[in-house]
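Asks: Input: one structure, supplied below.
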Amino acid sequence: MTFPFSTLMVQGTTSDAGKSTVVAALCRLLARRGMKVAPFKPQNMALNSAVTIDGGEIGRAQALQAQAAGVAPHSDMNPVLLKPSSDCGAQVIVHGKVRADMHARDYDRYKTVAMQAVLESYARLDAAYDAVIVEGAGSPAEINLRARDIANMGFAEAVDCPVILIADNDRGGDFAHIVGTLACLSDSERARIVGFVINRFRGDIGLLEPGLAWLEQQTGKPVLAVLPYLHGLFLDAEDAVQSVQQERGNFRVVVPVVPRISNHTDFDALRAQPEVDLRFIGPSQPIPPADLIILPGSKNTRADLAWLQEHGWPAAIARHLRYGGKVIGICGGFQMLGRSVDDPDGVEGPPGSTPGLGLLDMTTEMAAEKRLARVTGRCSFAPAAVSGYEIHMGVSHGPALAAPAFRIDGRDEGALSRDGQVLGTYLHGVFDEPEALAALLEWAGLAGVTPVDPAALREASLDRLADATQPLLNALERLQPV
């Protein structure tokens with residue numbers, strides 16, 4: 001059979017219904033057929049991002065979907081990315097580059113401009129690929145966002161593409177979610193939905209079948225597939241920090257969940273390492289003893305520094321170091337390790353300066369220009385390769401940088417304290433290279449491990465996800481071209 005759609009959009013009845021993984025699975029399945037396929041998300045709101053081959057920045061989920069399709073991630077795959085810096089404000093990234101920081105109301109008015117960028121990127125992908133698999137955002141039933149919508153049905157209507165609608169069975173209420181979503185749509189929007197997907201099902205399918213028959217009778221539309229709940233997938237999260245934490249090994253790693261944590265996918269490799277017990281610690285949780293504390297990236301470094309102060313982290317880190325523990329700071333977390341973070345022009349918020357933790361002799365000044373780069377190099381403290389990507393606004397200066405943590409692309413990067421207990425780096429993905437993962441764990445006190453290979457785990461998970469999604473592709477291929 002041949003795939004009947006040059007463009008297909010995947011929308012969900014709720015956030016986290018499984019849109020990202022279904023798009024990734026369809027990309028992998030079509031790529032297996034020899035088709036040239038591209039993922040596309042018109043507008044994404046996420047603090048997990050990736051650097052593209054053209055030097056831009058897109059949502060991390062779209063980079064994963066590009067990997068599933070076997071193509072290099074490009075800024076056209078996510079032309080509008082919103083990175084929240086406060087409850088009502090976000091950095092607006094268009095075609096991979098920072099356009100402005102906007103209040104939510106200002107961005108709502110800006111959507112007509114953003115839609116032009118979306119359509120330009122889509123047109124380029126549509127011309128270059130056999131198929132474009134589009135991911136919606138949130139739900140098309142968000143009535144308050146319907147005006148000037150560019151993320152869901154507004155886009156589908158603009159390019160006249162068919163839509164499949166996904167509901168999360170594991171969350172519950174999936175039949176109500178589907179029927180309620182349809183009730184919130186216009187006649188033309190309902191007409192372009194070609195069928196439904198019940199996602200994350202576990203249990204006896206026979207008990208679900210009466211509900212499926214009722215749904216098809218009520219809506220006049222088919223249930224295309226019931227997809228299983230898959231445990232243990234190693235895939236990049238779009239945004240939310242994984243809440244379920246399982247005790248694994250005896251080496252304890254603790255990460256504070258600051259309010260604007262970014263690129264927490266940096267810790268996926270540690271979570272997968274059998275000897276490591278990785279813990280994300282939120283505001284209501286006590287700070288436990290640890291072997292290693294890692295300060296994560298942040299979209300608002302000064303505000304998150306204030307959060308650390310408010311929740312007792314400086315004292316806990318000082319105590320941790322007195323007992324011989326190690327500390328790593330990544331990107332914004334690296335900036336926090338210095339003497340101060342200065343923002344004279346108000347790049348991330350109100351202008352001003354915030355004292356840092358004082359663990360590295362350096363200062364950071366925020367700058368409007370964002371550095372975006374994919375890099376490779378070597379560890380300074382071990383004979384190990386490292387790779388990663390830089391996404392940051394701000395430049396650090398000071399004596400601490402004379403003792404770098406890494407040597408990348410012919411230059412020094414990061415810092416390593418004189419006593420060897422504190423390491424800072426701007427590199428996201430620093431644990432993803434197995435050699436670097438083993439070297440960093442040994443530096444932190446866990447020697448002799450066989451490091452996991454995140455790339456191999458990710459590939460295996462994409463294949464497993466695609467295999468489970470094959471019934472959906474089969475059902476789509478039986479539909480008439482739209």
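To be explicit about the labels: the chains of the structure tokens are called A, B, and onward in the order shown, and within each one the residues are counted from 1, while ligands get numbers from 1 in the order they are shown.
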Show me, as JSON, numbers by chain, the residues that have an atom within 7 Å of range 384-398 of chain A when counting only C-alpha atoms, minus same-chain residues fewer than 4 positions from it.

Replies: {"A": [51, 331, 361, 362, 363, 364, 365, 366, 367, 368, 369, 370, 371, 372, 373, 374, 375, 376, 377, 378, 379, 426, 427, 428, 429, 430, 433, 435, 436, 439]}

Asks: Run DSSP on the backbone and tell me which residues of range 123-250 of chain A come out as strand (DSSP E); list them as a VMD selection string.

Replies: chain A and resid 131 to 135 163 to 168 193 to 201 223 to 228

Asks: Which residues of range 43-126 of chain A have any atom within 10 Å of an atom in range 453-476 of chain A when counting only C-alpha atoms, and what is the closest pair of atoms for each, with the distance in Å to one decimal? Order the rows by chain and rising number and write it as CSV.

Replies:
residue,atom,partner,partner_atom,distance
A:Leu64,CA,A:Arg458,CA,8.8
A:Gln65,CA,A:Leu462,CA,9.2
A:Gln67,CA,A:Glu459,CA,8.5
A:Ala68,CA,A:Leu462,CA,6.5
A:Ala69,CA,A:Leu462,CA,9.9

Asks: For C-alpha atoms, I'd like the residues from the last selection saved as an mmCIF file, in the first residue's frame.

Replies:
data_model
loop_
_atom_site.group_PDB
_atom_site.id
_atom_site.type_symbol
_atom_site.label_atom_id
_atom_site.label_comp_id
_atom_site.auth_asym_id
_atom_site.auth_seq_id
_atom_site.Cartn_x
_atom_site.Cartn_y
_atom_site.Cartn_z
ATOM 1 C CA LEU A 64 13.677 13.439 18.040
ATOM 2 C CA GLN A 65 11.069 13.152 15.294
ATOM 3 C CA GLN A 67 15.907 11.361 14.054
ATOM 4 C CA ALA A 68 12.986 8.963 13.682
ATOM 5 C CA ALA A 69 12.622 10.081 10.057
#

Asks: So, with only C-alpha atoms as the atoms that count, which of A:Leu270, A:Asn250, A:His320, A:Ser298 lies closest to Gln421 in chain A?

Replies: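 Closest candidate: A:His320.
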
Asks: Of the residues A:Ala237, A:Leu208, A:Leu215, A:Ile293, which is the one nearest to Gln62 in chain A, using only C-alpha atoms?

Replies: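 Comparing A:Ala237, A:Leu208, A:Leu215, A:Ile293 against Gln62 in chain A, the winner is A:Ala237.
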
Asks: Have a look at CA of Ile58 in chain A and CA of Arg200 in chain A and let me know their distance in Å, one decimal.

Replies: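 These atoms are spaced 26.5 Å apart.
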
Asks: Could you check the closest approach to His264 in chain A for each of A:Ile330, A:Val276, A:Cys88, A:Leu446 and tell me which residue wins, using only C-alpha atoms?

Replies: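 Once distances to His264 in chain A are computed over only C-alpha atoms, the minimum belongs to A:Ile330.
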
Asks: Smallest atom-to-atom distance to Val22 in chain A: which of A:Thr301, A:Asn199, A:Gln218, A:Gln273, using only C-alpha atoms?

Replies: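 The closest residue to Val22 in chain A is A:Asn199.
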
Asks: So the first atom is CA of Arg105 in chain A and the second is CA of Asp87 in chain A; what is the distance between them in Å, to one decimal place?

Replies: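 About the pair CA of Arg105 in chain A and CA of Asp87 in chain A: they are 12.0 Å apart.
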
Asks: What's the 9 Å shell around Phe155 in chain A, counting only C-alpha atoms, without same-chain residues fewer than 4 positions away, as a PDB file with N, CA and C atoms, in the first residue's frame?

Replies:
ATOM      1  N   PRO A  42       3.963  23.514  13.959  1.00  0.00           N
ATOM      2  CA  PRO A  42       3.903  24.949  13.666  1.00  0.00           C
ATOM      3  C   PRO A  42       4.352  25.816  14.834  1.00  0.00           C
ATOM      4  N   MET A 115       2.087  33.289  11.798  1.00  0.00           N
ATOM      5  CA  MET A 115       1.476  32.365  10.845  1.00  0.00           C
ATOM      6  C   MET A 115       2.163  32.426   9.491  1.00  0.00           C
ATOM      7  N   VAL A 118       5.144  30.304   9.754  1.00  0.00           N
ATOM      8  CA  VAL A 118       4.724  28.895   9.758  1.00  0.00           C
ATOM      9  C   VAL A 118       4.454  28.409   8.343  1.00  0.00           C
ATOM     10  N   LEU A 119       3.721  29.184   7.578  1.00  0.00           N
ATOM     11  CA  LEU A 119       3.364  28.761   6.217  1.00  0.00           C
ATOM     12  C   LEU A 119       4.579  28.735   5.300  1.00  0.00           C
ATOM     13  N   GLY A 136       0.155  18.861  16.353  1.00  0.00           N
ATOM     14  CA  GLY A 136      -0.532  19.992  16.945  1.00  0.00           C
ATOM     15  C   GLY A 136       0.027  20.314  18.316  1.00  0.00           C
ATOM     16  N   ASP A 149      -5.514  31.164  15.617  1.00  0.00           N
ATOM     17  CA  ASP A 149      -4.820  29.918  15.937  1.00  0.00           C
ATOM     18  C   ASP A 149      -3.860  29.526  14.819  1.00  0.00           C
ATOM     19  N   ILE A 150      -2.639  29.195  15.211  1.00  0.00           N
ATOM     20  CA  ILE A 150      -1.658  28.723  14.237  1.00  0.00           C
ATOM     21  C   ILE A 150      -1.161  27.325  14.580  1.00  0.00           C
ATOM     22  N   ALA A 151      -1.623  26.776  15.715  1.00  0.00           N
ATOM     23  CA  ALA A 151      -1.031  25.542  16.220  1.00  0.00           C
ATOM     24  C   ALA A 151      -1.854  24.302  15.934  1.00  0.00           C
ATOM     25  N   VAL A 159      -3.835  25.016   5.362  1.00  0.00           N
ATOM     26  CA  VAL A 159      -3.167  24.193   4.340  1.00  0.00           C
ATOM     27  C   VAL A 159      -4.072  23.075   3.834  1.00  0.00           C
ATOM     28  N   ASP A 160      -5.297  22.989   4.394  1.00  0.00           N
ATOM     29  CA  ASP A 160      -6.293  22.003   3.969  1.00  0.00           C
ATOM     30  C   ASP A 160      -5.763  20.582   4.087  1.00  0.00           C
ATOM     31  N   CYS A 161      -5.364  20.206   5.310  1.00  0.00           N
ATOM     32  CA  CYS A 161      -4.838  18.853   5.528  1.00  0.00           C
ATOM     33  C   CYS A 161      -5.764  18.059   6.436  1.00  0.00           C
TER      34      CYS A 161
END

Asks: Could you pull out all residues of range 154-280 of chain A with a DSSP call of helix (DSSP H, G or I) and give them as number ranges by chain?

Replies: A: 154-159, 174-183, 187-191, 205-219, 264-272

Asks: Excluding Val223 in chain A and any residue of its chain fewer than 2 positions from it, enumerate the residues within 12 Å of it, using only C-alpha atoms, and give them as JSON, numbers by chain.

Replies: {"A": [164, 165, 166, 167, 175, 178, 193, 194, 195, 196, 197, 198, 199, 208, 209, 211, 212, 213, 214, 215, 216, 217, 218, 219, 220, 221, 225, 226, 227, 471, 472, 475, 476]}

Asks: Keeping C-alpha atoms, export the residues of the selection given above as a compact mmCIF listing (two decimals), in the first residue's frame.

Replies:
# COMPACT_ATOMS: atom_id res chain seq x y z
CA ILE A 164 -6.29 12.37 13.30
CA LEU A 165 -7.33 12.95 16.91
CA ILE A 166 -5.60 11.16 19.80
CA ALA A 167 -7.00 10.54 23.28
CA PHE A 175 -14.52 8.98 25.05
CA ILE A 178 -13.15 12.98 21.96
CA ILE A 193 -10.87 14.62 11.19
CA VAL A 194 -10.46 11.25 9.46
CA GLY A 195 -10.44 9.13 12.60
CA PHE A 196 -9.41 8.63 16.21
CA VAL A 197 -6.55 6.94 18.05
CA ILE A 198 -6.96 5.57 21.55
CA ASN A 199 -3.48 5.81 23.03
CA LEU A 208 -12.93 -1.54 25.51
CA GLU A 209 -14.66 -2.66 22.31
CA GLY A 211 -16.99 1.82 23.94
CA LEU A 212 -15.26 1.93 20.56
CA ALA A 213 -18.45 0.85 18.81
CA TRP A 214 -20.43 3.52 20.69
CA LEU A 215 -17.88 6.19 19.76
CA GLU A 216 -18.01 5.32 16.08
CA GLN A 217 -21.82 5.33 16.15
CA GLN A 218 -21.97 8.69 17.94
CA THR A 219 -19.44 10.46 15.74
CA GLY A 220 -19.67 8.67 12.39
CA LYS A 221 -15.88 8.43 12.37
CA ALA A 225 -6.14 2.14 16.18
CA VAL A 226 -5.81 1.34 19.85
CA LEU A 227 -2.14 1.75 20.76
CA PRO A 471 -1.75 -0.86 13.08
CA LEU A 472 -2.34 2.89 12.80
CA ALA A 475 -5.54 1.83 8.96
CA LEU A 476 -4.41 5.13 7.45

Asks: Tell me, in Å to one decimal, how far CA of Ile133 in chain A is from CA of Val10 in chain A.

Replies: 7.4 Å

Asks: Which residues, written as a PyMOL selection string, have at least one atom at most 10 Å from range 316-318 of chain A, with only C-alpha atoms counted and residues fewer than 5 positions away on the same chain left out?

Replies: chain A and resi 287-290+292-293+311+323+325-327+357+359

Asks: Taking 5 positions as the minimum chain separation for residues in the same chain, which residues sit within 10 Å of Asp277 in chain A when counting only C-alpha atoms? Answer as a PDB file with N, CA and C atoms, in the first residue's frame.

Replies:
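Done, and the output landed in selection.pdb:
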ATOM      1  N   GLN A 245       9.789   8.455  39.750  1.00  0.00           N
ATOM      2  CA  GLN A 245      11.205   8.213  39.963  1.00  0.00           C
ATOM      3  C   GLN A 245      11.378   6.889  40.687  1.00  0.00           C
ATOM      4  N   GLN A 246      12.222   6.036  40.139  1.00  0.00           N
ATOM      5  CA  GLN A 246      12.440   4.723  40.711  1.00  0.00           C
ATOM      6  C   GLN A 246      13.857   4.631  41.251  1.00  0.00           C
ATOM      7  N   GLU A 247      13.988   4.039  42.422  1.00  0.00           N
ATOM      8  CA  GLU A 247      15.317   3.814  42.970  1.00  0.00           C
ATOM      9  C   GLU A 247      16.035   2.765  42.128  1.00  0.00           C
ATOM     10  N   ARG A 248      17.260   3.089  41.750  1.00  0.00           N
ATOM     11  CA  ARG A 248      18.029   2.148  40.936  1.00  0.00           C
ATOM     12  C   ARG A 248      19.292   1.774  41.701  1.00  0.00           C
ATOM     13  N   GLY A 249      20.413   2.443  41.390  1.00  0.00           N
ATOM     14  CA  GLY A 249      21.669   2.104  42.028  1.00  0.00           C
ATOM     15  C   GLY A 249      21.872   2.833  43.338  1.00  0.00           C
ATOM     16  N   ASN A 250      23.083   2.742  43.844  1.00  0.00           N
ATOM     17  CA  ASN A 250      23.428   3.336  45.131  1.00  0.00           C
ATOM     18  C   ASN A 250      24.110   4.697  45.011  1.00  0.00           C
ATOM     19  N   PHE A 251      24.461   5.096  43.777  1.00  0.00           N
ATOM     20  CA  PHE A 251      25.112   6.393  43.589  1.00  0.00           C
ATOM     21  C   PHE A 251      24.016   7.439  43.422  1.00  0.00           C
ATOM     22  N   ARG A 252      23.934   8.353  44.376  1.00  0.00           N
ATOM     23  CA  ARG A 252      22.808   9.270  44.447  1.00  0.00           C
ATOM     24  C   ARG A 252      23.123  10.596  43.760  1.00  0.00           C
ATOM     25  N   VAL A 253      22.283  10.945  42.781  1.00  0.00           N
ATOM     26  CA  VAL A 253      22.405  12.212  42.054  1.00  0.00           C
ATOM     27  C   VAL A 253      21.119  12.997  42.267  1.00  0.00           C
ATOM     28  N   VAL A 254      21.266  14.259  42.677  1.00  0.00           N
ATOM     29  CA  VAL A 254      20.123  15.106  43.012  1.00  0.00           C
ATOM     30  C   VAL A 254      20.122  16.329  42.104  1.00  0.00           C
ATOM     31  N   LEU A 270      21.764   9.680  32.705  1.00  0.00           N
ATOM     32  CA  LEU A 270      21.975   9.325  34.117  1.00  0.00           C
ATOM     33  C   LEU A 270      20.816   8.494  34.640  1.00  0.00           C
ATOM     34  N   ARG A 271      19.601   8.842  34.238  1.00  0.00           N
ATOM     35  CA  ARG A 271      18.441   8.078  34.688  1.00  0.00           C
ATOM     36  C   ARG A 271      18.517   6.634  34.193  1.00  0.00           C
ATOM     37  N   ALA A 272      19.094   6.430  33.015  1.00  0.00           N
ATOM     38  CA  ALA A 272      19.171   5.088  32.439  1.00  0.00           C
ATOM     39  C   ALA A 272      20.348   4.275  32.968  1.00  0.00           C
ATOM     40  N   ALA A 290      23.416  13.265  49.006  1.00  0.00           N
ATOM     41  CA  ALA A 290      23.724  12.861  47.635  1.00  0.00           C
ATOM     42  C   ALA A 290      25.228  12.732  47.461  1.00  0.00           C
ATOM     43  N   ASP A 291      25.612  12.008  46.442  1.00  0.00           N
ATOM     44  CA  ASP A 291      27.006  11.956  46.023  1.00  0.00           C
ATOM     45  C   ASP A 291      27.324  13.081  45.049  1.00  0.00           C
TER      46      ASP A 291
END

Asks: In terms of the shortest atom-to-atom distance over only C-alpha atoms, which of A:Thr450, A:Ser417, A:Thr2, A:Asn263 is closest to Leu30 in chain A?

Replies: A:Thr2

Asks: Give me the residues near Ala100 in chain A as a count of residues only, where near means some atom within 8 Å (using only C-alpha atoms) and where sequence neighbours in that chain fewer than 4 positions away do not count.

Replies: 3
